[in-house]
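K.L.:
Below you'll find the structure I mean.
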Amino acid sequence: MSTVSQRRALTPRQLTRTGERLSFVYLERCTVHRDANAITAQDAEGTTHIPSATIGTLLLGPGTRVTHQAMSVLGETGAAVCWVGEHGVRYYASGRALSRSAALVEAQARQWANPRNRLAVARAMYRLRFPDEDPTGLTRQELLGHEGKRVKDCYRAEAARTGVRWRGRRYVPGDFSGGDAVNQAITAAAQCMYGIAHAVVTSLGCSPALGFIHSGHELSFVLDVADLYKTEIGIPLAFDVAAQDEEDTGPRTRRALRDRINETSLLNRCVDDIKQLLLPEAADSTGVGDDRDVVTLQSDHGRQVASGINHDGPEDYGDDLW
């Protein structure tokens with residue numbers, strides 16, 4: 001009888017392409033195990049088989065237990081695994097990136113390392129948030145000032161729309177209950193959006209730390225991405241929740257945001273926005289974030305040369321392969 005360790009790893013050509021997979025599968029309160037090349041989810045109602053090669057990202061919610069063999073087959077088939085809160089509204093940890101390509105993280109590093117390009121990406125982010133305003137030529141300080149004014153305007157507009165009394169943004173870290181209902185809702189929505197953005201950033205293989213607006217924190221880029229949807233989704237939803245009732249604001253906000261994310265296909269939009277920001281010339285190409293296993297070597301003047309060979313020239317004993 002063959003064991004898992006004796007099976008040969010599947011090659012990218014044998015795997016289901018990312019575009020043909022389920023975007024994600026969410027499981028909670030079950031035990032995740034392996035049966036041949038499928039994973040199984042077992043709970044009190046029985047056992048469900050899920051072909052592992054059809055999964056883009058497996059989200060493990062509260063109450064899940066996962067076996068070593070299950071993680072092994074998920075790794076072989078290129079599925080990403082994330083440990084999340086209930087219904088995926090919080091992100092805790094992940095296994096591997098969904099993409100085998102380093103194109104996005106290399107583009108992120110190039111854009112971040114060049115101050116002029118970094119500012120250009122910051123302007124592009126502002127343009128995504130406020131498409132009615134052209135940030136061309138704005139300095140960083142001017143961008144921050146314009147962004148602050150637009151957020152204040154959003155608070156006032158949502159207060160007028162919902163009839164919620166607005167006394168200003170008040171939040172003391174570690175004291176969630178100290179704020180009024182609408183401030184609690186805004187905080188809860190922001191935390192959920194950070195978790196969602198973190199899950200998308202890591203599944204694409206990007207660096208959470210290399211931000212273009214935020215800086216100096218391990219999640220700087222996550223904060224950048226989450227803020228793209230603050231005035232469009234997060235703040236209006238928080239005011240809606242606060243207008244309904246002042247009790248249980250946090251849980252109700254998380255549930256409402258979960259539903260809004262599903263309704264608007266925000267995860268897909270978030271993926272597209274990150275690709276457009278970091279690698280706009282290839283955002284519509286299947287070469288970004290696909291399952292191809294391509295490894296090259298860096299040469300001079302930005303050239304990429306083939307790996308797996310000895311570049312000292314031909315030898316009698318052939319290529320320098322391990």
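To be explicit about the labels: the chains of the structure tokens are called A, B, and onward in the order shown, and within each one the residues are counted from 1, while ligands get numbers from 1 in the order they are shown.
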Mind checking DSSP for region 118-257 of chain A and telling me the helix (DSSP H, G or I) residues as a ChimeraX atom specification?
P.N.:
/A:118-129,140-162,176-178,181-203,220-227,230-244,249-257
K.L.:
Produce a file of the selected residues containing C-alpha atoms, as a compact mmCIF listing (two decimals), in the first residue's frame.
P.N.:
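Output saved as again02.txt:
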```txt
# COMPACT_ATOMS: atom_id res chain seq x y z
CA ARG A 118 5.12 54.78 -4.68
CA LEU A 119 3.45 58.18 -4.90
CA ALA A 120 1.86 57.21 -8.24
CA VAL A 121 0.28 54.13 -6.63
CA ALA A 122 -0.96 56.28 -3.71
CA ARG A 123 -2.60 58.62 -6.22
CA ALA A 124 -4.14 55.64 -8.04
CA MET A 125 -5.57 54.42 -4.74
CA TYR A 126 -7.09 57.84 -4.11
CA ARG A 127 -8.58 57.78 -7.62
CA LEU A 128 -10.16 54.38 -6.92
CA ARG A 129 -11.76 55.74 -3.74
CA ARG A 140 1.48 63.20 -0.22
CA GLN A 141 0.47 65.85 2.31
CA GLU A 142 -2.18 67.15 -0.07
CA LEU A 143 -3.47 63.61 -0.64
CA LEU A 144 -3.81 63.11 3.11
CA GLY A 145 -5.63 66.41 3.49
CA HIS A 146 -8.04 65.68 0.63
CA GLU A 147 -8.68 62.18 1.97
CA GLY A 148 -9.39 63.48 5.46
CA LYS A 149 -11.88 66.03 4.13
CA ARG A 150 -13.69 63.43 2.01
CA VAL A 151 -14.01 61.06 4.99
CA LYS A 152 -15.40 63.86 7.18
CA ASP A 153 -17.87 64.74 4.43
CA CYS A 154 -18.89 61.07 4.26
CA TYR A 155 -19.55 60.96 8.01
CA ARG A 156 -21.75 64.07 7.82
CA ALA A 157 -23.61 62.85 4.74
CA GLU A 158 -24.36 59.44 6.25
CA ALA A 159 -25.52 61.06 9.51
CA ALA A 160 -27.94 63.24 7.56
CA ARG A 161 -29.15 60.28 5.49
CA THR A 162 -29.81 57.97 8.44
CA PHE A 176 -14.66 49.24 22.18
CA SER A 177 -17.68 49.76 24.42
CA GLY A 178 -16.59 53.30 25.32
CA ALA A 181 -23.34 52.98 18.77
CA VAL A 182 -22.24 54.48 15.48
CA ASN A 183 -18.57 54.63 16.54
CA GLN A 184 -18.75 51.01 17.64
CA ALA A 185 -20.22 50.08 14.26
CA ILE A 186 -17.51 51.98 12.38
CA THR A 187 -14.81 50.26 14.42
CA ALA A 188 -16.36 46.81 13.92
CA ALA A 189 -16.70 47.39 10.16
CA ALA A 190 -13.08 48.57 9.92
CA GLN A 191 -11.75 45.52 11.77
CA CYS A 192 -13.71 43.19 9.51
CA MET A 193 -12.45 44.97 6.39
CA TYR A 194 -8.86 44.65 7.64
CA GLY A 195 -9.35 40.91 8.02
CA ILE A 196 -10.85 40.56 4.55
CA ALA A 197 -8.12 42.66 2.94
CA HIS A 198 -5.46 40.63 4.78
CA ALA A 199 -6.89 37.37 3.45
CA VAL A 200 -6.90 38.67 -0.15
CA VAL A 201 -3.40 40.17 0.08
CA THR A 202 -1.85 36.96 1.40
CA SER A 203 -3.76 34.71 -0.99
CA SER A 220 0.59 48.61 6.06
CA PHE A 221 -0.56 47.35 2.64
CA VAL A 222 -3.56 45.61 4.25
CA LEU A 223 -4.63 48.95 5.72
CA ASP A 224 -4.18 50.57 2.30
CA VAL A 225 -6.42 48.01 0.61
CA ALA A 226 -9.12 48.04 3.30
CA ASP A 227 -9.38 51.83 3.09
CA LYS A 230 -14.21 52.67 3.60
CA THR A 231 -16.44 55.47 2.31
CA GLU A 232 -18.33 53.29 -0.18
CA ILE A 233 -19.13 50.27 2.00
CA GLY A 234 -17.82 50.43 5.57
CA ILE A 235 -19.05 53.83 6.78
CA PRO A 236 -22.53 53.75 5.15
CA LEU A 237 -23.15 50.25 6.50
CA ALA A 238 -22.06 51.30 10.00
CA PHE A 239 -24.55 54.17 10.03
CA ASP A 240 -27.30 51.85 8.76
CA VAL A 241 -26.63 49.43 11.63
CA ALA A 242 -26.51 52.20 14.23
CA ALA A 243 -29.78 53.65 12.92
CA GLN A 244 -31.59 50.34 13.41
CA THR A 249 -23.76 46.83 17.49
CA GLY A 250 -20.58 44.81 16.91
CA PRO A 251 -22.15 41.44 16.02
CA ARG A 252 -24.86 43.05 13.90
CA THR A 253 -22.26 45.06 11.98
CA ARG A 254 -20.19 41.96 11.26
CA ARG A 255 -23.20 40.03 9.99
CA ALA A 256 -24.39 42.95 7.86
CA LEU A 257 -20.92 43.42 6.37
```
K.L.:
Would you mind writing down, as a list in words, each residue of region 49-270 of chain A that DSSP on the backbone assigns to strand (DSSP E)?
P.N.:
His49, Ile50, Pro51, Ile55, Gly56, Thr57, Leu58, Leu59, Leu60, Arg65, Val66, Ala80, Val81, Cys82, Trp83, Val84, Tyr91, Tyr92, Ala93 and Ser94 of chain A
K.L.:
Could you give me, as JSON lines, a per-residue list for region 159-220 of chain A showing, wherever an atom lies at most 7 Å from an atom of region 93-112 of chain A, the closest pair of atoms and their distance in Å to one decimal, using only C-alpha atoms and sorting by chain then residue number from low to high?
P.N.:
```
{"residue": "A:Thr202", "atom": "CA", "partner": "A:Ala97", "partner_atom": "CA", "distance": 5.9}
{"residue": "A:Ser203", "atom": "CA", "partner": "A:Ala97", "partner_atom": "CA", "distance": 4.4}
{"residue": "A:Leu204", "atom": "CA", "partner": "A:Ser99", "partner_atom": "CA", "distance": 5.8}
{"residue": "A:Gly205", "atom": "CA", "partner": "A:Ala97", "partner_atom": "CA", "distance": 4.9}
{"residue": "A:Cys206", "atom": "CA", "partner": "A:Val105", "partner_atom": "CA", "distance": 4.6}
{"residue": "A:Ser207", "atom": "CA", "partner": "A:Val105", "partner_atom": "CA", "distance": 6.4}
{"residue": "A:Leu210", "atom": "CA", "partner": "A:Trp112", "partner_atom": "CA", "distance": 6.7}
{"residue": "A:Phe212", "atom": "CA", "partner": "A:Trp112", "partner_atom": "CA", "distance": 6.7}
```
K.L.:
Which value, in Å to one decimal, gives the distance between CA of Leu74 (chain A) and CA of Ser52 (chain A)?
P.N.:
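Taking CA of Leu74 (chain A) and CA of Ser52 (chain A), their separation equals 6.1 Å.
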K.L.:
Using Å and a single decimal, report how far CA of Pro208 (chain A) sits from CA of Leu267 (chain A).
P.N.:
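Taking CA of Leu267 (chain A) as the start and CA of Pro208 (chain A) as the end point, the length is 16.4 Å.
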K.L.:
Take CA of Arg165 (chain A) and CA of Pro131 (chain A) and report the distance between them in Å, one decimal.
P.N.:
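Computing the Euclidean distance for CA of Arg165 (chain A) and CA of Pro131 (chain A) yields 28.2 Å.
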K.L.:
Env of Ala38 (chain A): 12 Å cut, atoms = only C-alpha atoms, seq-sep filter 3 positions within chain, self excluded. Answer as a list of chain:residue names.
P.N.:
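Selected residues are A:Val32, A:His33, A:Arg34, A:Asp35, A:Ala41, A:Thr47, A:Thr48, A:His49, A:Ile50, A:Pro51, A:Ser52, A:Ala53, A:Thr54, A:Ile55, A:Gln69, A:Ala70, A:Met71, A:Ser72, A:Val73, A:Leu74, A:Glu76, A:Thr77, A:Ala79.
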K.L.:
Residues near Ala306 (chain A), anyone? I mean within 9 Å using only C-alpha atoms, not counting same-chain ones fewer than 3 positions away, as a ChimeraX atom specification.
P.N.:
/A:295-298,309
